Structure formats: C-alpha cells, structure tokens
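Content type PDB, C-alpha atoms, from the file target-v4.pdb:
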```
MODEL        1
ATOM      1  CA  MET A   1      41.189   2.213 108.142
ATOM      2  CA  SER A   2      40.165   5.453 109.827
ATOM      3  CA  GLU A   3      39.788   6.362 113.449
ATOM      4  CA  PRO A   4      36.586   8.370 113.892
ATOM      5  CA  VAL A   5      37.090   9.225 117.554
ATOM      6  CA  GLY A   6      40.683  10.308 116.960
ATOM      7  CA  ASN A   7      39.538  12.476 114.100
ATOM      8  CA  ILE A   8      36.932  14.192 116.250
ATOM      9  CA  PHE A   9      39.578  15.052 118.832
ATOM     10  CA  GLN A  10      41.952  16.261 116.130
ATOM     11  CA  TRP A  11      39.254  18.600 114.828
ATOM     12  CA  LEU A  12      38.487  19.890 118.314
ATOM     13  CA  ILE A  13      42.164  20.523 119.100
ATOM     14  CA  PHE A  14      42.796  22.126 115.725
ATOM     15  CA  LEU A  15      39.800  24.461 115.886
ATOM     16  CA  GLY A  16      40.515  25.465 119.473
ATOM     17  CA  MET A  17      44.196  26.121 118.871
ATOM     18  CA  ALA A  18      43.546  27.965 115.603
ATOM     19  CA  PHE A  19      40.991  30.193 117.327
ATOM     20  CA  ILE A  20      43.276  30.940 120.293
ATOM     21  CA  SER A  21      46.269  31.663 118.075
ATOM     22  CA  LEU A  22      44.254  34.011 115.851
ATOM     23  CA  VAL A  23      42.872  35.884 118.869
ATOM     24  CA  ALA A  24      46.355  36.074 120.409
ATOM     25  CA  SER A  25      47.897  37.447 117.228
ATOM     26  CA  LEU A  26      45.109  40.038 116.852
ATOM     27  CA  LEU A  27      45.687  41.142 120.444
ATOM     28  CA  LEU A  28      49.449  41.241 119.770
ATOM     29  CA  VAL A  29      48.883  43.697 116.958
ATOM     30  CA  THR A  30      46.368  45.868 118.793
ATOM     31  CA  ARG A  31      47.613  46.178 122.389
ATOM     32  CA  LYS A  32      49.311  49.432 123.307
ATOM     33  CA  ASN A  33      51.623  48.010 125.982
ATOM     34  CA  PRO A  34      54.554  46.086 124.415
ATOM     35  CA  ILE A  35      54.753  43.681 127.389
ATOM     36  CA  HIS A  36      51.196  42.524 126.677
ATOM     37  CA  SER A  37      52.139  42.084 123.020
ATOM     38  CA  ALA A  38      55.111  39.925 124.034
ATOM     39  CA  LEU A  39      52.965  37.709 126.263
ATOM     40  CA  PHE A  40      50.375  37.239 123.506
ATOM     41  CA  LEU A  41      53.258  36.363 121.190
ATOM     42  CA  VAL A  42      54.227  33.570 123.613
ATOM     43  CA  LEU A  43      50.614  32.326 123.688
ATOM     44  CA  ASN A  44      50.536  32.303 119.906
ATOM     45  CA  PHE A  45      53.806  30.326 119.749
ATOM     46  CA  LEU A  46      52.478  27.724 122.190
ATOM     47  CA  CYS A  47      49.252  27.259 120.177
ATOM     48  CA  VAL A  48      51.257  26.830 116.978
ATOM     49  CA  ALA A  49      53.435  24.265 118.797
ATOM     50  CA  VAL A  50      50.299  22.229 119.552
ATOM     51  CA  ILE A  51      49.332  22.438 115.883
ATOM     52  CA  TYR A  52      52.793  21.098 115.007
ATOM     53  CA  LEU A  53      52.038  18.115 117.235
ATOM     54  CA  LEU A  54      48.832  17.557 115.251
ATOM     55  CA  LEU A  55      50.986  17.508 112.111
ATOM     56  CA  TYR A  56      53.105  14.669 113.563
ATOM     57  CA  SER A  57      56.292  16.681 113.905
ATOM     58  CA  GLN A  58      57.236  16.515 117.552
ATOM     59  CA  PHE A  59      60.778  17.769 117.051
ATOM     60  CA  ILE A  60      59.700  21.119 115.643
ATOM     61  CA  ALA A  61      57.040  21.454 118.349
ATOM     62  CA  ILE A  62      59.634  21.059 121.103
ATOM     63  CA  ILE A  63      62.059  23.394 119.343
ATOM     64  CA  GLN A  64      59.230  25.903 118.969
ATOM     65  CA  VAL A  65      58.558  25.881 122.706
ATOM     66  CA  VAL A  66      62.228  25.981 123.703
ATOM     67  CA  VAL A  67      63.637  28.413 121.146
ATOM     68  CA  TYR A  68      60.716  30.657 120.252
ATOM     69  CA  ALA A  69      58.541  30.722 123.349
ATOM     70  CA  GLY A  70      61.515  30.286 125.659
ATOM     71  CA  ALA A  71      64.536  32.090 124.301
ATOM     72  CA  ILE A  72      63.370  34.662 121.777
ATOM     73  CA  ALA A  73      60.295  35.796 123.704
ATOM     74  CA  MET A  74      62.322  36.052 126.902
ATOM     75  CA  LEU A  75      64.933  38.145 125.087
ATOM     76  CA  ILE A  76      62.184  40.451 123.797
ATOM     77  CA  VAL A  77      60.689  40.829 127.283
ATOM     78  CA  PHE A  78      64.122  41.624 128.741
ATOM     79  CA  VAL A  79      64.767  44.298 126.128
ATOM     80  CA  ILE A  80      61.320  45.837 126.692
ATOM     81  CA  MET A  81      62.016  46.030 130.419
ATOM     82  CA  LEU A  82      65.479  47.447 129.766
ATOM     83  CA  LEU A  83      64.252  50.230 127.531
ATOM     84  CA  ASP A  84      61.510  51.748 129.742
ATOM     85  CA  LEU A  85      59.276  52.590 126.805
ATOM     86  CA  GLU A  86      56.645  55.253 126.887
ATOM     87  CA  SER A  87      53.241  54.091 125.707
ATOM     88  CA  GLU A  88      52.594  54.598 122.064
ATOM     89  CA  VAL A  89      51.011  57.985 121.411
ATOM     90  CA  ARG A  90      48.248  58.341 118.892
ATOM     91  CA  SER A  91      49.674  58.998 115.482
ATOM     92  CA  ARG A  92      49.067  61.979 113.268
ATOM     93  CA  LEU A  93      46.864  62.194 110.183
ATOM     94  CA  LYS A  94      49.725  61.596 107.764
ATOM     95  CA  ILE A  95      50.450  58.228 109.356
ATOM     96  CA  VAL A  96      46.782  57.145 109.267
ATOM     97  CA  TYR A  97      46.722  57.222 105.462
ATOM     98  CA  SER A  98      49.750  54.951 105.311
ATOM     99  CA  LYS A  99      48.100  52.605 107.818
ATOM    100  CA  VAL A 100      44.942  52.369 105.704
ATOM    101  CA  ILE A 101      46.925  51.739 102.535
ATOM    102  CA  GLY A 102      49.119  49.185 104.275
ATOM    103  CA  GLY A 103      46.132  47.343 105.731
ATOM    104  CA  PHE A 104      44.379  47.326 102.363
ATOM    105  CA  LEU A 105      47.447  45.897 100.618
ATOM    106  CA  ALA A 106      47.831  43.261 103.327
ATOM    107  CA  VAL A 107      44.207  42.144 102.960
ATOM    108  CA  LEU A 108      44.635  42.005  99.181
ATOM    109  CA  PHE A 109      47.714  39.851  99.789
ATOM    110  CA  LEU A 110      45.637  37.591 102.068
ATOM    111  CA  PHE A 111      43.086  37.072  99.294
ATOM    112  CA  GLY A 112      45.906  36.181  96.920
ATOM    113  CA  ILE A 113      47.254  33.563  99.316
ATOM    114  CA  LEU A 114      43.783  32.175 100.054
ATOM    115  CA  TYR A 115      43.018  31.850  96.355
ATOM    116  CA  SER A 116      46.271  30.026  95.678
ATOM    117  CA  VAL A 117      45.661  27.698  98.640
ATOM    118  CA  VAL A 118      42.025  26.873  97.930
ATOM    119  CA  ALA A 119      42.099  26.721  94.133
ATOM    120  CA  LYS A 120      44.455  23.743  93.870
ATOM    121  CA  SER A 121      45.558  21.009  96.183
ATOM    122  CA  PRO A 122      49.306  21.083  96.852
ATOM    123  CA  THR A 123      51.264  19.536  94.028
ATOM    124  CA  GLY A 124      54.773  18.236  94.278
ATOM    125  CA  LYS A 125      56.811  15.125  94.285
ATOM    126  CA  MET A 126      55.691  12.875  97.117
ATOM    127  CA  GLY A 127      58.538  11.727  99.325
ATOM    128  CA  SER A 128      59.011   8.452 101.090
ATOM    129  CA  TYR A 129      58.655   9.817 104.610
ATOM    130  CA  VAL A 130      55.288   8.941 106.149
ATOM    131  CA  PRO A 131      54.938  10.833 109.433
ATOM    132  CA  GLU A 132      52.109   8.672 110.797
ATOM    133  CA  LYS A 133      54.131   5.499 110.443
ATOM    134  CA  VAL A 134      57.314   6.878 111.961
ATOM    135  CA  ASN A 135      57.332   6.839 115.748
ATOM    136  CA  ALA A 136      60.786   8.427 116.062
ATOM    137  CA  ASN A 137      60.441  11.823 114.454
ATOM    138  CA  VAL A 138      63.487  13.218 116.265
ATOM    139  CA  LYS A 139      65.635  10.342 115.037
ATOM    140  CA  ALA A 140      64.539  10.849 111.427
ATOM    141  CA  VAL A 141      65.200  14.596 111.636
ATOM    142  CA  GLY A 142      68.601  14.025 113.185
ATOM    143  CA  GLU A 143      69.612  11.537 110.533
ATOM    144  CA  ALA A 144      68.615  13.881 107.722
ATOM    145  CA  LEU A 145      70.264  16.828 109.464
ATOM    146  CA  PHE A 146      73.636  15.149 109.861
ATOM    147  CA  THR A 147      73.797  13.442 106.476
ATOM    148  CA  GLN A 148      71.892  15.204 103.726
ATOM    149  CA  TYR A 149      71.853  18.670 105.305
ATOM    150  CA  LEU A 150      75.269  18.668 106.964
ATOM    151  CA  LEU A 151      76.676  21.690 105.124
ATOM    152  CA  PRO A 152      73.661  23.982 105.816
ATOM    153  CA  PHE A 153      73.823  22.880 109.449
ATOM    154  CA  GLU A 154      77.457  23.955 109.742
ATOM    155  CA  ILE A 155      76.738  27.242 107.975
ATOM    156  CA  ILE A 156      73.874  27.905 110.406
ATOM    157  CA  SER A 157      76.214  27.308 113.335
ATOM    158  CA  ILE A 158      78.686  29.838 111.884
ATOM    159  CA  LEU A 159      75.796  32.290 111.418
ATOM    160  CA  ILE A 160      74.804  31.952 115.060
ATOM    161  CA  VAL A 161      78.384  32.528 116.235
ATOM    162  CA  VAL A 162      78.524  35.662 114.061
ATOM    163  CA  ALA A 163      75.212  36.836 115.532
ATOM    164  CA  ILE A 164      76.449  36.338 119.099
ATOM    165  CA  ILE A 165      79.646  38.299 118.395
ATOM    166  CA  GLY A 166      77.644  41.006 116.653
ATOM    167  CA  ALA A 167      75.213  41.332 119.545
ATOM    168  CA  VAL A 168      78.049  41.599 122.061
ATOM    169  CA  ILE A 169      79.894  44.212 120.014
ATOM    170  CA  LEU A 170      76.733  46.242 119.339
ATOM    171  CA  SER A 171      75.609  46.385 122.951
ATOM    172  CA  LYS A 172      79.070  47.146 124.317
ATOM    173  CA  LYS A 173      79.546  50.623 125.731
ATOM    174  CA  ARG A 174      81.677  52.859 123.583
ATOM    175  CA  THR A 175      84.877  53.720 125.457
TER     176      THR A 175
ATOM    177  CA  MET B   1      27.885   5.268 110.501
ATOM    178  CA  TRP B   2      28.826   8.900 110.135
ATOM    179  CA  VAL B   3      32.542   9.165 109.455
ATOM    180  CA  VAL B   4      34.495  12.250 110.462
ATOM    181  CA  PRO B   5      37.038  13.181 107.777
ATOM    182  CA  SER B   6      40.569  14.050 108.817
ATOM    183  CA  ILE B   7      41.625  17.686 108.749
ATOM    184  CA  PRO B   8      42.363  18.816 105.169
ATOM    185  CA  PRO B   9      45.736  20.539 104.536
ATOM    186  CA  ALA B  10      43.971  23.619 103.170
ATOM    187  CA  LEU B  11      42.776  24.555 106.668
ATOM    188  CA  PHE B  12      46.322  24.600 108.031
ATOM    189  CA  LEU B  13      47.441  26.670 105.058
ATOM    190  CA  ILE B  14      44.552  29.115 105.528
ATOM    191  CA  LEU B  15      45.405  29.485 109.228
ATOM    192  CA  SER B  16      49.009  30.187 108.314
ATOM    193  CA  ALA B  17      47.944  32.727 105.670
ATOM    194  CA  ILE B  18      45.752  34.595 108.155
ATOM    195  CA  LEU B  19      48.519  34.639 110.774
ATOM    196  CA  PHE B  20      50.960  35.947 108.169
ATOM    197  CA  THR B  21      48.559  38.702 107.125
ATOM    198  CA  ILE B  22      48.004  39.784 110.727
ATOM    199  CA  GLY B  23      51.786  39.959 111.060
ATOM    200  CA  VAL B  24      52.051  42.068 107.887
ATOM    201  CA  ILE B  25      49.363  44.469 109.108
ATOM    202  CA  GLY B  26      51.097  44.800 112.466
ATOM    203  CA  ALA B  27      54.504  45.389 110.908
ATOM    204  CA  LEU B  28      53.043  48.058 108.619
ATOM    205  CA  THR B  29      50.916  49.900 111.161
ATOM    206  CA  ARG B  30      52.666  49.800 114.533
ATOM    207  CA  ARG B  31      55.213  52.463 115.457
ATOM    208  CA  ASN B  32      57.096  50.764 118.261
ATOM    209  CA  ALA B  33      60.125  49.000 116.770
ATOM    210  CA  ILE B  34      59.917  46.082 119.222
ATOM    211  CA  VAL B  35      56.282  45.426 118.312
ATOM    212  CA  VAL B  36      57.242  45.555 114.631
ATOM    213  CA  PHE B  37      59.945  43.018 115.436
ATOM    214  CA  MET B  38      57.422  40.762 117.188
ATOM    215  CA  CYS B  39      55.161  40.952 114.142
ATOM    216  CA  ILE B  40      58.082  39.835 111.983
ATOM    217  CA  GLU B  41      58.559  36.850 114.305
ATOM    218  CA  LEU B  42      54.843  36.103 113.861
ATOM    219  CA  MET B  43      55.287  36.113 110.081
ATOM    220  CA  LEU B  44      58.286  33.761 110.326
ATOM    221  CA  ASN B  45      56.195  31.488 112.506
ATOM    222  CA  ALA B  46      53.358  31.424 109.968
ATOM    223  CA  VAL B  47      55.812  30.496 107.225
ATOM    224  CA  ASN B  48      57.106  27.683 109.422
ATOM    225  CA  LEU B  49      53.558  26.395 109.798
ATOM    226  CA  THR B  50      53.246  26.280 106.001
ATOM    227  CA  PHE B  51      56.540  24.376 105.735
ATOM    228  CA  ILE B  52      55.468  21.787 108.305
ATOM    229  CA  THR B  53      52.030  21.352 106.752
ATOM    230  CA  LEU B  54      53.376  20.749 103.281
ATOM    231  CA  SER B  55      56.078  18.478 104.687
ATOM    232  CA  ARG B  56      53.418  16.350 106.338
ATOM    233  CA  PHE B  57      51.021  16.202 103.391
ATOM    234  CA  LEU B  58      53.699  15.706 100.733
ATOM    235  CA  GLN B  59      55.377  13.122 102.977
ATOM    236  CA  SER B  60      58.817  14.648 102.851
ATOM    237  CA  LEU B  61      61.237  15.541 105.621
ATOM    238  CA  ASP B  62      62.688  18.586 103.854
ATOM    239  CA  GLY B  63      60.058  21.006 105.150
ATOM    240  CA  VAL B  64      60.865  20.114 108.757
ATOM    241  CA  LEU B  65      64.542  20.850 108.193
ATOM    242  CA  PHE B  66      63.748  24.130 106.469
ATOM    243  CA  ALA B  67      61.607  25.125 109.438
ATOM    244  CA  PHE B  68      64.550  24.263 111.695
ATOM    245  CA  PHE B  69      66.850  26.530 109.685
ATOM    246  CA  VAL B  70      64.267  29.320 109.694
ATOM    247  CA  MET B  71      64.142  29.087 113.491
ATOM    248  CA  ALA B  72      67.939  29.294 113.724
ATOM    249  CA  VAL B  73      67.967  32.384 111.507
ATOM    250  CA  ALA B  74      65.158  33.899 113.586
ATOM    251  CA  ALA B  75      67.193  33.372 116.757
ATOM    252  CA  ALA B  76      70.249  35.056 115.211
ATOM    253  CA  GLU B  77      68.053  37.887 113.957
ATOM    254  CA  ALA B  78      66.535  38.354 117.407
ATOM    255  CA  ALA B  79      69.956  38.666 119.049
ATOM    256  CA  VAL B  80      71.324  41.209 116.568
ATOM    257  CA  GLY B  81      68.057  43.141 116.135
ATOM    258  CA  LEU B  82      67.460  43.599 119.842
ATOM    259  CA  ALA B  83      71.081  44.710 120.328
ATOM    260  CA  ILE B  84      70.515  47.302 117.590
ATOM    261  CA  PHE B  85      67.338  48.486 119.346
ATOM    262  CA  VAL B  86      69.224  48.899 122.624
ATOM    263  CA  MET B  87      71.920  50.906 120.841
ATOM    264  CA  ILE B  88      69.409  53.141 119.069
ATOM    265  CA  TYR B  89      67.572  53.757 122.327
ATOM    266  CA  ARG B  90      70.846  54.692 124.004
ATOM    267  CA  SER B  91      71.702  57.298 121.396
ATOM    268  CA  ARG B  92      68.243  58.678 120.493
ATOM    269  CA  GLU B  93      66.055  57.957 123.558
ATOM    270  CA  THR B  94      63.264  56.508 121.386
ATOM    271  CA  ILE B  95      62.561  53.475 119.250
ATOM    272  CA  ASN B  96      59.561  54.784 117.359
ATOM    273  CA  VAL B  97      60.133  53.780 113.785
ATOM    274  CA  ASP B  98      58.897  57.064 112.319
ATOM    275  CA  GLU B  99      61.322  59.101 114.406
ATOM    276  CA  ILE B 100      64.355  57.007 113.472
ATOM    277  CA  ASN B 101      65.144  58.446 110.069
ATOM    278  CA  ILE B 102      68.912  58.900 109.992
ATOM    279  CA  LEU B 103      69.175  56.593 107.003
ATOM    280  CA  LYS B 104      66.598  58.606 105.049
ATOM    281  CA  TRP B 105      67.818  61.320 102.669
TER     282      TRP B 105
ENDMDL
END
```
Could you quickly redo this structure as structure tokens?
Amino acid sequence: MSEPVGNIFQWLIFLGMAFISLVASLLLVTRKNPIHSALFLVLNFLCVAVIYLLLYSQFIAIIQVVVYAGAIAMLIVFVIMLLDLESEVRSRLKIVYSKVIGGFLAVLFLFGILYSVVAKSPTGKMGSYVPEKVNANVKAVGEALFTQYLLPFEIISILIVVAIIGAVILSKKRT
Amino acid sequence: MWVVPSIPPALFLILSAILFTIGVIGALTRRNAIVVFMCIELMLNAVNLTFITLSRFLQSLDGVLFAFFVMAVAAAEAAVGLAIFVMIYRSRETINVDEINILKW
C-alpha cells in the first residue's frame, strides 16, 4: 500500500533540500569571507538534517542540529572572530596549477563514486530494523547504544575528555 | 491512476557524493585553514548521509550508530583543531596553509 500524496511531498522536500544544500556548499567553497562560509556551512547542516528526517532517523537529525549546526559551527564562528583574519589574497601562478590538478582529481573521484552508486543497487545483509514501522527511533538507538555498542560508546567518551583536555592545554598561554 | 514512486536510495547517495566532492575541492583549493577545516566537516557530513541512507534502505540500525560516532569524533576534532589554529595564529600571525610550512623539510 503506497501513499501517493505523501510521496509527492517527500519528493518536493528532498529536491528542495538537496538543491539548497548543494548551493550552500558551493557558496561555502567559493566565498572569500570565512564568516560567510561558516554561515553557509550551518545552512548546509540544517538542510541535511531535514534529509535525515526524510530517512526516518529523527535522532540523528536532532543531533545534527544540536551538535553540528549548534556547537561546532558556533565554535568555528568564535575562532574566526577571535583571529581577525585578513581576506584571502589572490594566489600566485604556482598555486593555480595545484588547484586545477586537485579539482580534476576530485571530479574524477566524483565519477568513480557515481559509477559505483548507479551501477548496482546496494547489497548487504538486510537487518530486522524497519524504520517506517518504528515510531520510537530514539528509543531504538538508545537501546542499541547501551547494549550492543557499549564499549565504543565508552571509548568515545574517553576520546572527548582527551579532546577537551588537549584543547585547554593547547590554548593556554605559555608562562 | 498515476502513482508517484518513493525516492530511490541512489538519489541520496548521489547527493552525498556531490557534497563530498565539493568538500574535497574546497579542502584542496582554499588557503585559509579554517575554511579547509569547514570543508572537512562538510565531507564528514556527506559520509554521515551515506551511512544513514544505507542504514534506512538495508533496514539496519548500525549505520545510525556509526553516524553518531562520526559526529562525536568530529566534535573532538573541532575542539582540538581550532585550538591548534589559535596557537598557530598566536605564534605566526597567519593561518594560510601555504605559509605554515614548519613541518616541511
């Protein structure tokens, strides 16, 4: 049983969000002012969060908004304001060659990914988790996180403590 | 009755591939270290989108948890990386990546 009206809205939301996120990421790469880049990064994160909602994973969408668009982007904006950057000057000829080669390799890489995506449908062992049927995504994620993935969770918490200590020690004034 | 098909997984994967490539191009061509860092965050985000898409279409919860761990690592990386940028700016007055070459020999 399909829902034609729901599908139309899903297509509209997906196409709109994909378009906005692509435009935002292109502007991120091309703007000269790093503050503008940071704001387009936030826009891109929010669009991807909406796409996560389309994929029935509400938990990751909320975490995306809170952690990425909230914490990381705010940290980046603070550091940009702290550093008082001069605007990027136009690069010399030597750098332009490396840019052309880098862009060419990246586009080649894109074609590789596109071929591997389009040529075959994703194969793999199907699991038992059906996102459309589950109306408590956060509960399912929490259960898996604290039973099957308990050890990686603890290791991640240690990693974050190490990162906090490292950031404090690095940004401390030398006495 | 004309039936609208649901969105195929390939479109999500193509979107994620294009976002990743834009991130790669930015990381290779920009000179400001903070913009390079933002492009790396964009690439991590695109990889997360691939994880979530495959998790939804292979009906498994593992991709969601991997995306969660990737986000935690990205947060740790942001804290340490930005602290390093502040330190470099304090000692060298610039964060252009082609002027920071003290590790080059």
Q. Which residues match the PyMOL selection byres ((chain B) within 8 of (chain A)) in the file above, as a ChimeraX atom specification?
A. /B:3-7,10,13-15,17-19,21-26,28-32,34-35,38-39,42,45,49,52-54,56,58-61,64-65,67-69,71-73,75-80,82-84,86-87,89,94
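Straight-line separation from CA of Phe85 in chain B to CA of Ala33 in chain B: 7.7 Å.
Computed from the coordinates, the CA of Val47 in chain B to CA of Leu46 in chain A distance equals 15.6 Å.
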**Q.** Distance of CA of Phe51 in chain B from CA of Phe146 in chain A, expressed in Å to one decimal place
**A.** 19.9 Å
Any chance you could turn range 77-89 of chain B into a file with all heavy atoms, as a PDB file, in the first residue's frame?
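This went into decode30.pdb:
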```pdb
ATOM      1  N   GLU B  77      37.469  16.579  17.118  1.00  0.00           N
ATOM      2  CA  GLU B  77      38.393  17.132  16.144  1.00  0.00           C
ATOM      3  C   GLU B  77      38.253  18.645  16.058  1.00  0.00           C
ATOM      4  O   GLU B  77      39.249  19.376  15.959  1.00  0.00           O
ATOM      5  CB  GLU B  77      38.091  16.477  14.802  1.00  0.00           C
ATOM      6  CG  GLU B  77      38.922  16.947  13.662  1.00  0.00           C
ATOM      7  CD  GLU B  77      38.131  16.872  12.381  1.00  0.00           C
ATOM      8  OE1 GLU B  77      37.296  15.963  12.276  1.00  0.00           O
ATOM      9  OE2 GLU B  77      38.341  17.714  11.526  1.00  0.00           O
ATOM     10  N   ALA B  78      37.003  19.130  16.127  1.00  0.00           N
ATOM     11  CA  ALA B  78      36.787  20.573  16.059  1.00  0.00           C
ATOM     12  C   ALA B  78      37.446  21.265  17.235  1.00  0.00           C
ATOM     13  O   ALA B  78      38.134  22.279  17.057  1.00  0.00           O
ATOM     14  CB  ALA B  78      35.294  20.874  16.034  1.00  0.00           C
ATOM     15  N   ALA B  79      37.286  20.706  18.451  1.00  0.00           N
ATOM     16  CA  ALA B  79      37.875  21.348  19.625  1.00  0.00           C
ATOM     17  C   ALA B  79      39.391  21.426  19.497  1.00  0.00           C
ATOM     18  O   ALA B  79      39.990  22.496  19.612  1.00  0.00           O
ATOM     19  CB  ALA B  79      37.470  20.577  20.879  1.00  0.00           C
ATOM     20  N   VAL B  80      40.033  20.289  19.198  1.00  0.00           N
ATOM     21  CA  VAL B  80      41.497  20.281  19.145  1.00  0.00           C
ATOM     22  C   VAL B  80      42.007  21.081  17.951  1.00  0.00           C
ATOM     23  O   VAL B  80      42.957  21.868  18.067  1.00  0.00           O
ATOM     24  CB  VAL B  80      42.005  18.826  19.094  1.00  0.00           C
ATOM     25  CG1 VAL B  80      43.498  18.823  18.962  1.00  0.00           C
ATOM     26  CG2 VAL B  80      41.599  18.107  20.337  1.00  0.00           C
ATOM     27  N   GLY B  81      41.364  20.929  16.787  1.00  0.00           N
ATOM     28  CA  GLY B  81      41.840  21.621  15.584  1.00  0.00           C
ATOM     29  C   GLY B  81      41.752  23.125  15.738  1.00  0.00           C
ATOM     30  O   GLY B  81      42.700  23.845  15.397  1.00  0.00           O
ATOM     31  N   LEU B  82      40.642  23.622  16.283  1.00  0.00           N
ATOM     32  CA  LEU B  82      40.523  25.069  16.411  1.00  0.00           C
ATOM     33  C   LEU B  82      41.500  25.602  17.446  1.00  0.00           C
ATOM     34  O   LEU B  82      42.051  26.695  17.283  1.00  0.00           O
ATOM     35  CB  LEU B  82      39.089  25.436  16.744  1.00  0.00           C
ATOM     36  CG  LEU B  82      38.151  25.165  15.568  1.00  0.00           C
ATOM     37  CD1 LEU B  82      36.727  25.394  15.956  1.00  0.00           C
ATOM     38  CD2 LEU B  82      38.498  26.018  14.386  1.00  0.00           C
ATOM     39  N   ALA B  83      41.772  24.817  18.513  1.00  0.00           N
ATOM     40  CA  ALA B  83      42.795  25.246  19.474  1.00  0.00           C
ATOM     41  C   ALA B  83      44.158  25.332  18.802  1.00  0.00           C
ATOM     42  O   ALA B  83      44.935  26.267  19.042  1.00  0.00           O
ATOM     43  CB  ALA B  83      42.832  24.292  20.654  1.00  0.00           C
ATOM     44  N   ILE B  84      44.443  24.362  17.902  1.00  0.00           N
ATOM     45  CA  ILE B  84      45.727  24.413  17.184  1.00  0.00           C
ATOM     46  C   ILE B  84      45.785  25.646  16.282  1.00  0.00           C
ATOM     47  O   ILE B  84      46.828  26.314  16.197  1.00  0.00           O
ATOM     48  CB  ILE B  84      45.919  23.121  16.377  1.00  0.00           C
ATOM     49  CG1 ILE B  84      46.183  21.962  17.323  1.00  0.00           C
ATOM     50  CG2 ILE B  84      47.072  23.252  15.418  1.00  0.00           C
ATOM     51  CD1 ILE B  84      46.276  20.646  16.627  1.00  0.00           C
ATOM     52  N   PHE B  85      44.653  25.979  15.628  1.00  0.00           N
ATOM     53  CA  PHE B  85      44.651  27.175  14.777  1.00  0.00           C
ATOM     54  C   PHE B  85      44.930  28.429  15.592  1.00  0.00           C
ATOM     55  O   PHE B  85      45.707  29.296  15.171  1.00  0.00           O
ATOM     56  CB  PHE B  85      43.310  27.320  14.059  1.00  0.00           C
ATOM     57  CG  PHE B  85      43.083  26.288  13.015  1.00  0.00           C
ATOM     58  CD1 PHE B  85      41.810  25.967  12.608  1.00  0.00           C
ATOM     59  CD2 PHE B  85      44.152  25.642  12.422  1.00  0.00           C
ATOM     60  CE1 PHE B  85      41.595  25.010  11.648  1.00  0.00           C
ATOM     61  CE2 PHE B  85      43.945  24.680  11.467  1.00  0.00           C
ATOM     62  CZ  PHE B  85      42.670  24.367  11.083  1.00  0.00           C
ATOM     63  N   VAL B  86      44.295  28.523  16.783  1.00  0.00           N
ATOM     64  CA  VAL B  86      44.529  29.699  17.620  1.00  0.00           C
ATOM     65  C   VAL B  86      46.000  29.793  18.007  1.00  0.00           C
ATOM     66  O   VAL B  86      46.616  30.862  17.965  1.00  0.00           O
ATOM     67  CB  VAL B  86      43.630  29.633  18.869  1.00  0.00           C
ATOM     68  CG1 VAL B  86      44.022  30.704  19.864  1.00  0.00           C
ATOM     69  CG2 VAL B  86      42.185  29.816  18.483  1.00  0.00           C
ATOM     70  N   MET B  87      46.605  28.634  18.324  1.00  0.00           N
ATOM     71  CA  MET B  87      48.014  28.648  18.728  1.00  0.00           C
ATOM     72  C   MET B  87      48.919  29.048  17.574  1.00  0.00           C
ATOM     73  O   MET B  87      49.855  29.833  17.738  1.00  0.00           O
ATOM     74  CB  MET B  87      48.395  27.271  19.247  1.00  0.00           C
ATOM     75  CG  MET B  87      49.539  27.301  20.211  1.00  0.00           C
ATOM     76  SD  MET B  87      49.877  25.671  20.796  1.00  0.00           S
ATOM     77  CE  MET B  87      50.475  24.900  19.323  1.00  0.00           C
ATOM     78  N   ILE B  88      48.624  28.503  16.371  1.00  0.00           N
ATOM     79  CA  ILE B  88      49.446  28.863  15.215  1.00  0.00           C
ATOM     80  C   ILE B  88      49.320  30.348  14.911  1.00  0.00           C
ATOM     81  O   ILE B  88      50.305  31.028  14.618  1.00  0.00           O
ATOM     82  CB  ILE B  88      49.030  28.020  13.987  1.00  0.00           C
ATOM     83  CG1 ILE B  88      49.474  26.585  14.175  1.00  0.00           C
ATOM     84  CG2 ILE B  88      49.652  28.566  12.718  1.00  0.00           C
ATOM     85  CD1 ILE B  88      49.012  25.697  13.065  1.00  0.00           C
ATOM     86  N   TYR B  89      48.078  30.872  15.020  1.00  0.00           N
ATOM     87  CA  TYR B  89      47.900  32.291  14.732  1.00  0.00           C
ATOM     88  C   TYR B  89      48.655  33.139  15.736  1.00  0.00           C
ATOM     89  O   TYR B  89      49.208  34.184  15.400  1.00  0.00           O
ATOM     90  CB  TYR B  89      46.410  32.632  14.767  1.00  0.00           C
ATOM     91  CG  TYR B  89      46.122  34.036  14.349  1.00  0.00           C
ATOM     92  CD1 TYR B  89      46.138  34.386  13.010  1.00  0.00           C
ATOM     93  CD2 TYR B  89      45.860  35.023  15.287  1.00  0.00           C
ATOM     94  CE1 TYR B  89      45.882  35.673  12.613  1.00  0.00           C
ATOM     95  CE2 TYR B  89      45.602  36.319  14.897  1.00  0.00           C
ATOM     96  CZ  TYR B  89      45.619  36.636  13.571  1.00  0.00           C
ATOM     97  OH  TYR B  89      45.374  37.914  13.178  1.00  0.00           O
TER      98      TYR B  89
END
```
